[in-house]
Amino acid sequence: KNEVEQSPQNLTAQEGEFITINCSYSVGISALHWLQQHPGGGIVSLFMLSSGKKKHGRLIATINIQEKHSSLHITASHPRDSAVYICAVSPRGYFGSGTKLNVKP
Amino acid sequence: GAGVSQSPRYKVAKRGQDVALRCDPISGHVSLFWYQQALGQGPEFLTYFQNEAQLDKSGLPSDRFFAERPEGSVSTLKIQRTQQEDSAVYLCASSLGLAGGRTGELFFGEGSRLTVL
């Protein structure tokens, strides 16, 4: 399915770098979700957005409804941020393919 | 319950066997989703329910896959005549999914790991 597309697919960063992951969607949505999955772990919800911007600690998520685009930013990245980040849209629950982030110390 | 519960956590099946995977969503959650996650891959959408209505089953890979949610709560994903390529973790998620297009945070279960020998 191409309803939700993410970029990049893989991202390697040095500790402390500012990271941006992008998500574009082509379907109507009621909300957009950013999810995190650590290797071998379950999926947890980071943000749910329907407009504007949300911030939680070093994580910031923004959405532009007109452009059907969202970004997830990580400031001052840390090795523990290494995980797969997934964009998903409601109500249908379609996922992007995920961005595998590796933050090196 | 406090979270989304899936059972069994692990299932080993012989090729050709039928399997049934259960998902207990958070009480009161209207929307329920099933995903398939193969080893090393991201989750792939399978199907979506709103209450008992299956609104989208476009992700089901073949007619061997069937999902139901007869009373709008517990859901079962059934796989008939399992094949080796069905080996994956099957994830269930639920959300409040209020009426009128409003939605809620997605909550995921731990998944059911299916291995087909």
# chains A, B, ... in the order shown; residues from 1 in each chain; ligands from 1
$ interface_residues --of "chain B" --to "chain A" --cutoff "8 Å" --atoms "only C-alpha atoms" --output "list in words"
Phe33, Gly42, Pro43, Glu44, Phe45, Tyr48, Asp56, Gly97, Gly101, Arg102, Thr103, Gly104, Glu105, Leu106, Phe107, Phe108, Gly109, Glu110 and Gly111 of chain B
$ closest_atom_pairs --of "segment 1-57 of chain A" --to "segment 65-81 of chain A" --cutoff "7 Å" --atoms "only C-alpha atoms" --output "tab-separated table"
residue	atom	partner	partner_atom	distance
A:Glu15	CA	A:His78	CA	5.0
A:Gly16	CA	A:Ala76	CA	4.0
A:Glu17	CA	A:Ser77	CA	5.4
A:Phe18	CA	A:Thr75	CA	4.7
A:Ile19	CA	A:Ile74	CA	5.0
A:Thr20	CA	A:His73	CA	4.5
A:Ile21	CA	A:Leu72	CA	5.1
A:Asn22	CA	A:Ser71	CA	4.5
A:Cys23	CA	A:Ser70	CA	5.1
A:Ser24	CA	A:His69	CA	4.5
A:Tyr25	CA	A:Lys68	CA	5.6
A:Ser26	CA	A:Lys68	CA	6.9
A:Ser51	CA	A:Ile65	CA	6.7
